[in-house]
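Reviewing the structure listed below.
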Amino acid sequence: MSTSDGAPDCVVIGGGLSGLAAAHALLRAGRTVHLVEAADELGGRARTSWHRGRPVDEGFQVLLRGYREVRALAGAVGMPRHDMRPISGGAVFQHGDRRHQLAGGPAGIARFSGLSGGERLRFARFAAEVLRRPEAALAEPATEAQTAAELLVELGFSREAIDGVFRPLFGPILLDRTLSTDPGYFRWLVAMLARGPAMIPSDGLGMVSDWTASSARQLGATIETGTRATGFGLDATATRVAQVRLEGGRTLRPAYTVLAVDPPAAEALLAEHDPGTVRRLPRDPAGTVTAAFALSEPLYRGKAIVLDCDPPADERDRVDLVCQTTNITRPNVPGGPHILLAMRVTTGGGPTDGIEDATERVVRRWSPRYDWMRGATHIGTYAHPFAQFRLSPEVRRELPGPRTALDNVILAGDLTRHPSAEGAVGSGHQAARIVDALLP
Ligand SMILES: Cc1cc2nc3c(=O)[nH]c(=O)nc-3n(C[C@H](O)[C@H](O)[C@H](O)COP(=O)(O)OP(=O)(O)OC[C@H]3O[C@@H](n4cnc5c(N)ncnc54)[C@H](O)[C@@H]3O)c2cc1C
């Protein structure tokens, strides 16, 4: 038997960044919202757990300085600006025992010793060119080169520059070491990075969803976790959803529904009613595995990430990126534990096991005097086989928009834009604008 839980203006399915952003914007517009999230916690792919008072992101990720939608959301929910902690030291490129540091922005590029003078100038010109482009133009799919790697060749970068700088830097951002992403999206990412240092919120990435959920509740939202939407019941016209079915037999009867889930979940919920949208969902997964350690002694000082530019041939030994995140999130706190995240891109079938031992080996290689056995405690490993989708030019051209074949179901999620926190939050804001305009 089913029971009905009332009729909010909007049901939001999914409590990741996109669903929470949509819910918050609708509540600010004076609408009533009921959000259901299948997992026991909110945040979706951007979640943070805690270890002895320190935030531990369940997968290394950063917010880029140019993310306007994320900044707007953080402001709207009252997150203090100083809680967006810049990775002011940028990226350290570890080539054998040589290190080259690249801080964000054009000035950082001018000082970067990891490229020859000519390549540095080319990089600075490229960054200046993307910074001059209006954001709408950056959002357009590219028409020239087929992949980011081809674009770099077209721009005149040498094989050494691509393999020694662009692949180690953008491989962990795109979760694709082949750099086979759409060149337009790549340009957009370069622009986001060139605007200044990347950031991690002081309480980890989960801080954005935590604050958004708190603010949404204060604005009157009903938020249920551990509640999965299982399907839609249509009205007599078969073009509108009359009921959202929930696990356990309950139903909700909203005027509108924002579907803000990951691509496999969107497919499951839409397959019966909207094969056109389902065909356009991005399916090519980009994956990663991250091991988290608590260190009693810091491995390094400074607010920077470290990139391995000479990864070992054996994939099981590869660690693409290491970051002592507490240098950024807890910079002035004396004593440990210091949280170290070590990340490997697994897209294309890379192994998800052995990251813990590989981290120990990479630390021995870079810092032979560091006493890993004594100082490091493994606190968790987080595998995300579908962390993002691969955004090839074809996939980008085909991405579904926010409208579906069901008149009162609006699609949100990074799957409508691009695989990033900015794409997710922007899609949520867009879905809320559409619903608000359609509601009387
Ligand atoms: C390890 C990792 C690293 C990343 N690195 C970066 C980075 O550095 N920078 C960046 O900008 N982005 C990064 N991303 C991408 C970014 O985190 C995502 O694009 C963003 O979080 C997606 O948000 P979303 O709301 O679209 O989807 P999700 O976060 O997937 O949210 C969807 C939610 O819907 C819920 N759900 C699914 N089915 C149902 C159902 N039937 N009923 C109810 N709820 C349901 C899910 O449980 C989930 O909580 C990374 C992602 C990962 C995993």
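The chains in the structure tokens are called A, B, ... from first to last as shown; in each chain the residues are counted from 1, and the ligands are counted from 1 in the order shown.
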
Next item on the list: Name each residue within 6 Å of ligand 1, counting only C-alpha atoms and all ligand atoms, as a ChimeraX atom specification.
Entry: /A:13-19,36-39,42-46,59-63,173,228-230,260-262,265,288,384,387-388,413-414,419-422,424

Prev. selection, N, CA and C atoms, output as a CSV table (one decimal), in the first residue's frame:
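Output saved as out.csv:
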```
chain,number,residue,atom,x,y,z
A,13,ILE,N,15.4,14.9,-6.5
A,13,ILE,CA,15.9,13.6,-6.3
A,13,ILE,C,17.5,13.7,-6.4
A,14,GLY,N,18.1,13.4,-5.3
A,14,GLY,CA,19.6,13.5,-5.3
A,14,GLY,C,20.1,14.6,-4.5
A,15,GLY,N,21.0,14.3,-3.5
A,15,GLY,CA,21.5,15.3,-2.6
A,15,GLY,C,23.0,15.5,-2.8
A,16,GLY,N,23.4,15.4,-4.0
A,16,GLY,CA,24.8,15.9,-4.4
A,16,GLY,C,24.8,17.4,-4.6
A,17,LEU,N,25.9,17.9,-5.1
A,17,LEU,CA,26.0,19.4,-5.2
A,17,LEU,C,24.9,19.9,-6.1
A,18,SER,N,24.5,19.2,-7.2
A,18,SER,CA,23.5,19.7,-8.1
A,18,SER,C,22.2,19.8,-7.5
A,19,GLY,N,21.8,18.7,-6.8
A,19,GLY,CA,20.5,18.7,-6.2
A,19,GLY,C,20.4,19.7,-5.0
A,36,VAL,N,15.1,14.1,-1.6
A,36,VAL,CA,15.4,12.7,-1.2
A,36,VAL,C,16.7,12.3,-1.7
A,37,GLU,N,17.5,11.7,-0.8
A,37,GLU,CA,18.8,11.2,-1.2
A,37,GLU,C,18.9,9.8,-0.8
A,38,ALA,N,19.4,8.9,-1.7
A,38,ALA,CA,19.4,7.5,-1.5
A,38,ALA,C,20.4,7.1,-0.4
A,39,ALA,N,21.6,7.8,-0.4
A,39,ALA,CA,22.6,7.4,0.6
A,39,ALA,C,22.3,7.9,2.0
A,42,LEU,N,24.5,13.3,2.7
A,42,LEU,CA,24.4,14.2,1.6
A,42,LEU,C,25.8,14.4,1.0
A,43,GLY,N,25.8,15.0,-0.2
A,43,GLY,CA,27.1,15.3,-0.7
A,43,GLY,C,27.5,14.6,-2.0
A,44,GLY,N,26.9,13.4,-2.2
A,44,GLY,CA,27.2,12.6,-3.4
A,44,GLY,C,28.6,12.4,-3.6
A,45,ARG,N,29.2,12.7,-4.7
A,45,ARG,CA,30.6,12.4,-5.0
A,45,ARG,C,31.5,13.4,-4.3
A,46,ALA,N,31.0,14.4,-3.6
A,46,ALA,CA,31.9,15.4,-3.0
A,46,ALA,C,31.7,15.3,-1.5
A,59,GLY,N,38.3,11.1,-1.6
A,59,GLY,CA,38.7,11.3,-3.0
A,59,GLY,C,39.2,12.7,-3.1
A,60,PHE,N,40.5,12.9,-3.6
A,60,PHE,CA,41.1,14.2,-3.7
A,60,PHE,C,40.3,15.0,-4.7
A,61,GLN,N,39.9,16.2,-4.3
A,61,GLN,CA,39.4,17.2,-5.3
A,61,GLN,C,39.5,18.6,-4.8
A,62,VAL,N,39.5,19.5,-5.8
A,62,VAL,CA,39.7,20.9,-5.5
A,62,VAL,C,38.6,21.7,-6.3
A,63,LEU,N,38.4,23.0,-5.8
A,63,LEU,CA,37.6,23.9,-6.5
A,63,LEU,C,38.5,24.9,-7.1
A,173,ILE,N,43.2,16.1,-13.1
A,173,ILE,CA,42.0,16.9,-13.1
A,173,ILE,C,40.9,16.3,-14.0
A,228,ARG,N,15.5,6.3,-1.4
A,228,ARG,CA,15.7,6.2,-2.8
A,228,ARG,C,14.4,6.4,-3.6
A,229,ALA,N,14.5,7.2,-4.6
A,229,ALA,CA,13.4,7.3,-5.6
A,229,ALA,C,13.5,6.1,-6.5
A,230,THR,N,12.3,5.4,-6.7
A,230,THR,CA,12.4,4.2,-7.5
A,230,THR,C,11.7,4.3,-8.8
A,260,ALA,N,18.4,15.0,-10.1
A,260,ALA,CA,19.8,15.5,-9.9
A,260,ALA,C,20.7,14.3,-9.5
A,261,VAL,N,20.8,13.3,-10.3
A,261,VAL,CA,21.5,12.1,-9.9
A,261,VAL,C,22.6,11.8,-10.9
A,262,ASP,N,23.4,10.8,-10.6
A,262,ASP,CA,24.6,10.4,-11.4
A,262,ASP,C,24.0,9.7,-12.7
A,265,ALA,N,22.1,6.3,-12.4
A,265,ALA,CA,20.8,6.4,-11.7
A,265,ALA,C,19.8,7.2,-12.6
A,288,THR,N,39.1,6.9,-10.4
A,288,THR,CA,40.2,7.3,-9.5
A,288,THR,C,40.2,6.5,-8.2
A,384,HIS,N,36.6,5.3,-6.8
A,384,HIS,CA,35.4,5.9,-7.5
A,384,HIS,C,35.6,5.5,-9.0
A,387,ALA,N,33.9,8.4,-11.2
A,387,ALA,CA,34.1,9.7,-10.5
A,387,ALA,C,33.5,10.8,-11.4
A,388,GLN,N,33.9,10.7,-12.6
A,388,GLN,CA,33.4,11.7,-13.6
A,388,GLN,C,33.1,10.9,-14.9
A,413,GLY,N,22.5,18.0,-12.6
A,413,GLY,CA,23.7,17.1,-12.4
A,413,GLY,C,24.8,17.5,-13.4
A,414,ASP,N,26.0,17.1,-13.1
A,414,ASP,CA,27.1,17.4,-14.0
A,414,ASP,C,26.9,16.9,-15.4
A,419,PRO,N,31.9,17.5,-16.3
A,419,PRO,CA,32.1,16.7,-15.1
A,419,PRO,C,32.9,17.4,-14.0
A,420,SER,N,32.3,18.4,-13.4
A,420,SER,CA,33.0,19.2,-12.3
A,420,SER,C,32.0,19.7,-11.3
A,421,ALA,N,32.5,20.1,-10.2
A,421,ALA,CA,31.7,20.7,-9.1
A,421,ALA,C,30.9,21.9,-9.7
A,422,GLU,N,31.6,22.7,-10.6
A,422,GLU,CA,31.0,23.9,-11.2
A,422,GLU,C,29.9,23.5,-12.1
A,424,ALA,N,28.1,20.8,-11.9
A,424,ALA,CA,27.0,20.3,-11.0
A,424,ALA,C,26.2,21.4,-10.4
```

Next item on the list: Report the residues of range 90-206 of chain A whose backbone DSSP state falls under strand (DSSP E), written as a PyMOL selection string.
Entry: chain A and resi 91-95+98-102+199-201

Using the selection just defined, write its residues with N, CA and C atoms as an mmCIF file, in the first residue's frame.
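Saved file part.cif follows:
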```
data_model
loop_
_atom_site.group_PDB
_atom_site.id
_atom_site.type_symbol
_atom_site.label_atom_id
_atom_site.label_comp_id
_atom_site.auth_asym_id
_atom_site.auth_seq_id
_atom_site.Cartn_x
_atom_site.Cartn_y
_atom_site.Cartn_z
ATOM 1 N N ALA A 91 51.282 23.745 -7.807
ATOM 2 C CA ALA A 91 51.679 22.350 -8.040
ATOM 3 C C ALA A 91 53.198 22.248 -8.083
ATOM 4 N N VAL A 92 53.699 21.207 -7.422
ATOM 5 C CA VAL A 92 55.130 20.896 -7.505
ATOM 6 C C VAL A 92 55.275 19.705 -8.439
ATOM 7 N N PHE A 93 56.032 19.888 -9.516
ATOM 8 C CA PHE A 93 56.264 18.808 -10.486
ATOM 9 C C PHE A 93 57.527 18.091 -10.074
ATOM 10 N N GLN A 94 57.381 16.824 -9.689
ATOM 11 C CA GLN A 94 58.539 16.054 -9.218
ATOM 12 C C GLN A 94 59.093 15.248 -10.389
ATOM 13 N N HIS A 95 60.251 15.673 -10.891
ATOM 14 C CA HIS A 95 60.947 14.961 -11.981
ATOM 15 C C HIS A 95 62.158 14.315 -11.355
ATOM 16 N N ARG A 98 64.433 16.306 -9.063
ATOM 17 C CA ARG A 98 64.267 17.743 -9.323
ATOM 18 C C ARG A 98 62.807 18.149 -9.116
ATOM 19 N N ARG A 99 62.620 19.379 -8.622
ATOM 20 C CA ARG A 99 61.259 19.871 -8.394
ATOM 21 C C ARG A 99 61.072 21.211 -9.075
ATOM 22 N N HIS A 100 59.911 21.389 -9.709
ATOM 23 C CA HIS A 100 59.591 22.671 -10.338
ATOM 24 C C HIS A 100 58.215 23.081 -9.840
ATOM 25 N N GLN A 101 58.108 24.320 -9.375
ATOM 26 C CA GLN A 101 56.845 24.737 -8.770
ATOM 27 C C GLN A 101 56.089 25.679 -9.709
ATOM 28 N N LEU A 102 54.796 25.396 -9.868
ATOM 29 C CA LEU A 102 53.949 26.240 -10.722
ATOM 30 C C LEU A 102 52.800 26.771 -9.884
ATOM 31 N N MET A 199 41.373 25.769 -4.749
ATOM 32 C CA MET A 199 41.021 25.911 -3.328
ATOM 33 C C MET A 199 40.436 24.615 -2.771
ATOM 34 N N ILE A 200 40.603 24.456 -1.463
ATOM 35 C CA ILE A 200 39.892 23.396 -0.730
ATOM 36 C C ILE A 200 39.189 24.087 0.440
ATOM 37 N N PRO A 201 37.901 23.881 0.639
ATOM 38 C CA PRO A 201 37.233 24.486 1.800
ATOM 39 C C PRO A 201 37.875 23.996 3.114
#
```

I need the residues in range 254-343 of chain A that are helix (DSSP H, G or I) according to DSSP; give them as a compact mmCIF listing (two decimals) with C-alpha atoms, in the first residue's frame.
```
# COMPACT_ATOMS: atom_id res chain seq x y z
CA PRO A 263 24.33 9.07 -15.03
CA PRO A 264 23.58 5.40 -14.15
CA ALA A 265 20.81 6.45 -11.74
CA ALA A 266 19.36 8.89 -14.29
CA GLU A 267 19.26 6.06 -16.82
CA ALA A 268 17.43 3.76 -14.40
CA LEU A 269 14.77 6.39 -13.62
CA LEU A 270 14.22 7.66 -17.17
CA PRO A 275 14.67 6.99 -24.22
CA GLY A 276 15.85 10.10 -26.11
CA THR A 277 17.44 11.64 -23.01
CA VAL A 278 18.77 8.25 -21.90
CA ARG A 279 20.59 7.86 -25.24
CA ARG A 280 22.40 11.13 -24.64
CA GLU A 315 50.73 0.63 -13.01
CA ARG A 316 50.48 -0.83 -9.50
CA ASP A 317 53.31 1.47 -8.40
CA THR A 326 45.92 19.80 6.28
CA ASN A 327 48.63 22.24 5.10
CA ILE A 328 45.74 23.94 3.29
CA THR A 329 42.72 23.26 5.51
```

Next item on the list: Rank nothing, just name the residue among A:Leu340, A:Glu297, A:Ala22, A:His273 nearest to Thr239 in chain A, using only C-alpha atoms.
Entry: A:His273

Next item on the list: Just the residues within 8 Å of Arg417 in chain A, please, counting only C-alpha atoms, with nothing from its chain fewer than 4 positions along; format it as a PyMOL selection string.
Entry: chain A and resi 396+399+401+413+423-424+427

For those residues, write N, CA and C atoms to a file as a PDB file, in the first residue's frame.
```pdb
ATOM      1  N   ARG A 396      30.386  15.644 -25.589  1.00  0.00           N
ATOM      2  CA  ARG A 396      30.005  17.005 -25.197  1.00  0.00           C
ATOM      3  C   ARG A 396      28.890  17.550 -26.090  1.00  0.00           C
ATOM      4  N   LEU A 399      25.444  15.911 -24.955  1.00  0.00           N
ATOM      5  CA  LEU A 399      24.940  15.896 -23.569  1.00  0.00           C
ATOM      6  C   LEU A 399      23.471  16.321 -23.521  1.00  0.00           C
ATOM      7  N   GLY A 401      20.171  18.199 -22.353  1.00  0.00           N
ATOM      8  CA  GLY A 401      19.905  19.488 -21.697  1.00  0.00           C
ATOM      9  C   GLY A 401      19.045  19.263 -20.471  1.00  0.00           C
ATOM     10  N   GLY A 413      22.544  17.983 -12.624  1.00  0.00           N
ATOM     11  CA  GLY A 413      23.695  17.095 -12.449  1.00  0.00           C
ATOM     12  C   GLY A 413      24.786  17.470 -13.431  1.00  0.00           C
ATOM     13  N   GLY A 423      30.132  22.389 -12.895  1.00  0.00           N
ATOM     14  CA  GLY A 423      29.085  21.895 -13.788  1.00  0.00           C
ATOM     15  C   GLY A 423      27.867  21.456 -12.982  1.00  0.00           C
ATOM     16  N   ALA A 424      28.104  20.781 -11.852  1.00  0.00           N
ATOM     17  CA  ALA A 424      27.002  20.281 -11.024  1.00  0.00           C
ATOM     18  C   ALA A 424      26.212  21.442 -10.413  1.00  0.00           C
ATOM     19  N   SER A 427      24.316  23.453 -13.007  1.00  0.00           N
ATOM     20  CA  SER A 427      23.135  22.750 -13.525  1.00  0.00           C
ATOM     21  C   SER A 427      21.988  22.827 -12.517  1.00  0.00           C
TER      22      SER A 427
END
```

Next item on the list: Compile the contact shell of Leu307 in chain A as a count of residues only: residues with an atom at most 12 Å away, counting only C-alpha atoms, same-chain residues fewer than 2 positions apart removed.
Entry: 39

Check: Quick one: residues within 12 Å of Ser158 in chain A, only C-alpha atoms counted, chain neighbours fewer than 6 positions away excluded, as an MDAnalysis selection string?
Finding: chainID A and resid 115:116 118:120 122:123 149:152 164:166

Requested write-out: all heavy atoms of the selected residues, as an mmCIF file, in the first residue's frame:
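Listed below is the output, part19.cif:
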```
data_model
loop_
_atom_site.group_PDB
_atom_site.id
_atom_site.type_symbol
_atom_site.label_atom_id
_atom_site.label_comp_id
_atom_site.auth_asym_id
_atom_site.auth_seq_id
_atom_site.Cartn_x
_atom_site.Cartn_y
_atom_site.Cartn_z
ATOM 1 N N LEU A 115 59.512 24.446 -17.677
ATOM 2 C CA LEU A 115 59.448 24.562 -19.138
ATOM 3 C C LEU A 115 60.591 25.441 -19.619
ATOM 4 O O LEU A 115 61.036 26.343 -18.891
ATOM 5 C CB LEU A 115 58.124 25.223 -19.559
ATOM 6 C CG LEU A 115 56.840 24.411 -19.433
ATOM 7 C CD1 LEU A 115 55.626 25.291 -19.714
ATOM 8 C CD2 LEU A 115 56.842 23.215 -20.380
ATOM 9 N N SER A 116 61.046 25.211 -20.853
ATOM 10 C CA SER A 116 62.087 26.071 -21.425
ATOM 11 C C SER A 116 61.482 27.453 -21.674
ATOM 12 O O SER A 116 60.251 27.620 -21.665
ATOM 13 C CB SER A 116 62.549 25.474 -22.751
ATOM 14 O OG SER A 116 61.474 25.551 -23.661
ATOM 15 N N GLY A 118 60.994 29.266 -24.318
ATOM 16 C CA GLY A 118 60.032 29.353 -25.421
ATOM 17 C C GLY A 118 58.700 28.724 -25.062
ATOM 18 O O GLY A 118 57.639 29.278 -25.338
ATOM 19 N N GLU A 119 58.748 27.577 -24.412
ATOM 20 C CA GLU A 119 57.517 26.864 -24.040
ATOM 21 C C GLU A 119 56.762 27.649 -22.955
ATOM 22 O O GLU A 119 55.535 27.667 -22.923
ATOM 23 C CB GLU A 119 57.842 25.460 -23.491
ATOM 24 C CG GLU A 119 58.605 24.570 -24.441
ATOM 25 C CD GLU A 119 57.710 23.688 -25.287
ATOM 26 O OE1 GLU A 119 56.555 24.048 -25.536
ATOM 27 O OE2 GLU A 119 58.205 22.619 -25.701
ATOM 28 N N ARG A 120 57.547 28.281 -22.082
ATOM 29 C CA ARG A 120 56.924 29.076 -21.002
ATOM 30 C C ARG A 120 56.135 30.234 -21.614
ATOM 31 O O ARG A 120 55.026 30.529 -21.216
ATOM 32 C CB ARG A 120 58.040 29.591 -20.088
ATOM 33 C CG ARG A 120 57.549 30.015 -18.743
ATOM 34 C CD ARG A 120 58.627 30.002 -17.707
ATOM 35 N NE ARG A 120 59.810 30.745 -18.101
ATOM 36 C CZ ARG A 120 61.044 30.286 -17.987
ATOM 37 N NH1 ARG A 120 61.267 29.109 -17.474
ATOM 38 N NH2 ARG A 120 62.071 31.016 -18.351
ATOM 39 N N ARG A 122 54.923 30.341 -24.627
ATOM 40 C CA ARG A 122 53.767 29.768 -25.329
ATOM 41 C C ARG A 122 52.633 29.500 -24.328
ATOM 42 O O ARG A 122 51.469 29.803 -24.585
ATOM 43 C CB ARG A 122 54.216 28.462 -25.991
ATOM 44 C CG ARG A 122 53.318 27.976 -27.068
ATOM 45 C CD ARG A 122 53.941 26.857 -27.884
ATOM 46 N NE ARG A 122 54.927 27.324 -28.813
ATOM 47 C CZ ARG A 122 56.205 26.948 -28.838
ATOM 48 N NH1 ARG A 122 56.660 26.066 -27.984
ATOM 49 N NH2 ARG A 122 57.050 27.443 -29.710
ATOM 50 N N PHE A 123 52.996 28.947 -23.169
ATOM 51 C CA PHE A 123 52.013 28.636 -22.120
ATOM 52 C C PHE A 123 51.375 29.940 -21.622
ATOM 53 O O PHE A 123 50.147 30.043 -21.479
ATOM 54 C CB PHE A 123 52.725 27.892 -20.973
ATOM 55 C CG PHE A 123 51.804 27.249 -19.959
ATOM 56 C CD1 PHE A 123 50.426 27.205 -20.138
ATOM 57 C CD2 PHE A 123 52.338 26.673 -18.803
ATOM 58 C CE1 PHE A 123 49.595 26.598 -19.202
ATOM 59 C CE2 PHE A 123 51.516 26.071 -17.854
ATOM 60 C CZ PHE A 123 50.146 26.046 -18.056
ATOM 61 N N ALA A 149 45.005 16.857 -26.171
ATOM 62 C CA ALA A 149 46.391 16.527 -26.537
ATOM 63 C C ALA A 149 46.707 17.065 -27.933
ATOM 64 O O ALA A 149 47.774 17.656 -28.160
ATOM 65 C CB ALA A 149 46.594 15.014 -26.480
ATOM 66 N N GLU A 150 45.754 16.907 -28.853
ATOM 67 C CA GLU A 150 45.980 17.424 -30.212
ATOM 68 C C GLU A 150 46.044 18.949 -30.224
ATOM 69 O O GLU A 150 46.825 19.547 -30.967
ATOM 70 C CB GLU A 150 44.853 16.954 -31.143
ATOM 71 C CG GLU A 150 44.962 15.495 -31.527
ATOM 72 C CD GLU A 150 43.752 15.015 -32.319
ATOM 73 O OE1 GLU A 150 42.995 15.857 -32.840
ATOM 74 O OE2 GLU A 150 43.561 13.796 -32.369
ATOM 75 N N LEU A 151 45.220 19.571 -29.395
ATOM 76 C CA LEU A 151 45.257 21.040 -29.320
ATOM 77 C C LEU A 151 46.641 21.521 -28.879
ATOM 78 O O LEU A 151 47.192 22.475 -29.441
ATOM 79 C CB LEU A 151 44.190 21.537 -28.336
ATOM 80 C CG LEU A 151 44.209 23.040 -28.055
ATOM 81 C CD1 LEU A 151 43.807 23.830 -29.300
ATOM 82 C CD2 LEU A 151 43.270 23.391 -26.903
ATOM 83 N N LEU A 152 47.223 20.832 -27.884
ATOM 84 C CA LEU A 152 48.550 21.241 -27.381
ATOM 85 C C LEU A 152 49.599 21.115 -28.490
ATOM 86 O O LEU A 152 50.472 21.976 -28.629
ATOM 87 C CB LEU A 152 48.920 20.409 -26.148
ATOM 88 C CG LEU A 152 48.091 20.730 -24.902
ATOM 89 C CD1 LEU A 152 48.297 19.678 -23.823
ATOM 90 C CD2 LEU A 152 48.416 22.116 -24.360
ATOM 91 N N GLY A 164 55.711 16.094 -19.739
ATOM 92 C CA GLY A 164 56.334 16.457 -18.459
ATOM 93 C C GLY A 164 55.543 17.465 -17.655
ATOM 94 O O GLY A 164 55.759 17.598 -16.449
ATOM 95 N N VAL A 165 54.623 18.199 -18.304
ATOM 96 C CA VAL A 165 53.888 19.236 -17.567
ATOM 97 C C VAL A 165 52.365 19.068 -17.727
ATOM 98 O O VAL A 165 51.645 18.959 -16.742
ATOM 99 C CB VAL A 165 54.325 20.657 -18.033
ATOM 100 C CG1 VAL A 165 53.444 21.728 -17.394
ATOM 101 C CG2 VAL A 165 55.791 20.885 -17.678
ATOM 102 N N PHE A 166 51.883 19.036 -18.953
ATOM 103 C CA PHE A 166 50.428 19.038 -19.140
ATOM 104 C C PHE A 166 49.791 17.719 -18.716
ATOM 105 O O PHE A 166 48.733 17.708 -18.096
ATOM 106 C CB PHE A 166 50.078 19.368 -20.600
ATOM 107 C CG PHE A 166 50.354 20.814 -20.919
ATOM 108 C CD1 PHE A 166 51.515 21.190 -21.573
ATOM 109 C CD2 PHE A 166 49.471 21.801 -20.504
ATOM 110 C CE1 PHE A 166 51.779 22.523 -21.844
ATOM 111 C CE2 PHE A 166 49.725 23.138 -20.763
ATOM 112 C CZ PHE A 166 50.886 23.498 -21.439
#
```

Note to self: With distances taken over only C-alpha atoms, which residue among A:Ser392, A:Thr352, A:Thr251, A:Thr290 lies nearest Phe186 in chain A?
What the structure shows: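 Going through A:Ser392, A:Thr352, A:Thr251, A:Thr290 one by one, the smallest distance to Phe186 in chain A is for A:Ser392.
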
Next item on the list: List the neighbours of His378 in chain A out to 8 Å using only C-alpha atoms; skip same-chain residues closer than 4 positions along the sequence, and give me the result as a list in words.
Entry: Ala291, Ala292, Phe293, Ala294 and Glu356 of chain A

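Across the model, the gap from CA of Gly105 in chain A to CA of Leu64 in chain A is 11.6 Å.
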
Checklist line | Separation of CA of Gly78 in chain A from CA of Thr48 in chain A in Å | finding: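 A separation of 19.2 Å between them.
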
Next item on the list: Give me, please, the distance in Å between CA of Leu341 in chain A and CA of Glu58 in chain A, quoted to one decimal.
Entry: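 Separating CA of Leu341 in chain A from CA of Glu58 in chain A is a distance of 9.2 Å.
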
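Look at range 207-224 of chain A: the protein and nucleic acid residues within 6 Å of it, using only C-alpha atoms and passing over chain neighbours fewer than 4 places away, are His24, Val33, His34, Leu35, Val36, Gly43, Val77 and Asp203 of chain A.
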
So that I have them on file, write out the residues from the current selection with N, CA, C and O atoms, as a short mmCIF file (atom, residue, chain, number, x, y, z; two decimals), in the first residue's frame.
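Saved file result.cif follows:
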```cif
data_model
loop_
_atom_site.label_atom_id
_atom_site.label_comp_id
_atom_site.auth_asym_id
_atom_site.auth_seq_id
_atom_site.Cartn_x
_atom_site.Cartn_y
_atom_site.Cartn_z
N HIS A 24 18.29 24.72 -2.88
CA HIS A 24 18.54 25.99 -2.19
C HIS A 24 18.02 27.17 -3.01
O HIS A 24 17.37 28.08 -2.47
N VAL A 33 10.17 22.67 -1.04
CA VAL A 33 11.05 21.65 -1.62
C VAL A 33 11.15 20.45 -0.69
O VAL A 33 11.30 20.61 0.53
N HIS A 34 11.09 19.27 -1.29
CA HIS A 34 11.33 18.02 -0.56
C HIS A 34 12.46 17.31 -1.30
O HIS A 34 12.31 16.97 -2.47
N LEU A 35 13.58 17.12 -0.63
CA LEU A 35 14.74 16.47 -1.29
C LEU A 35 14.90 15.06 -0.75
O LEU A 35 14.85 14.85 0.47
N VAL A 36 15.09 14.10 -1.65
CA VAL A 36 15.36 12.72 -1.21
C VAL A 36 16.73 12.29 -1.71
O VAL A 36 17.07 12.51 -2.88
N GLY A 43 25.85 14.98 -0.16
CA GLY A 43 27.15 15.35 -0.75
C GLY A 43 27.49 14.59 -2.01
O GLY A 43 28.31 15.04 -2.80
N VAL A 77 24.85 30.61 0.82
CA VAL A 77 24.59 29.82 2.03
C VAL A 77 25.38 30.35 3.22
O VAL A 77 25.32 29.79 4.31
N ASP A 203 36.78 22.83 5.77
CA ASP A 203 36.27 21.55 6.28
C ASP A 203 36.13 20.52 5.16
O ASP A 203 35.33 19.58 5.25
#
```

Note to self: Using only C-alpha atoms for the distances, tell me which of A:Leu234, A:Leu391, A:Ala25, A:Ala103 is nearest to Cys10 in chain A.
What the structure shows: A:Ala25

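When only C-alpha atoms are used to measure the gap to Asp308 in chain A, the shortest distance among A:Leu155, A:Ala376, A:Val345, A:Leu121 belongs to A:Val345.
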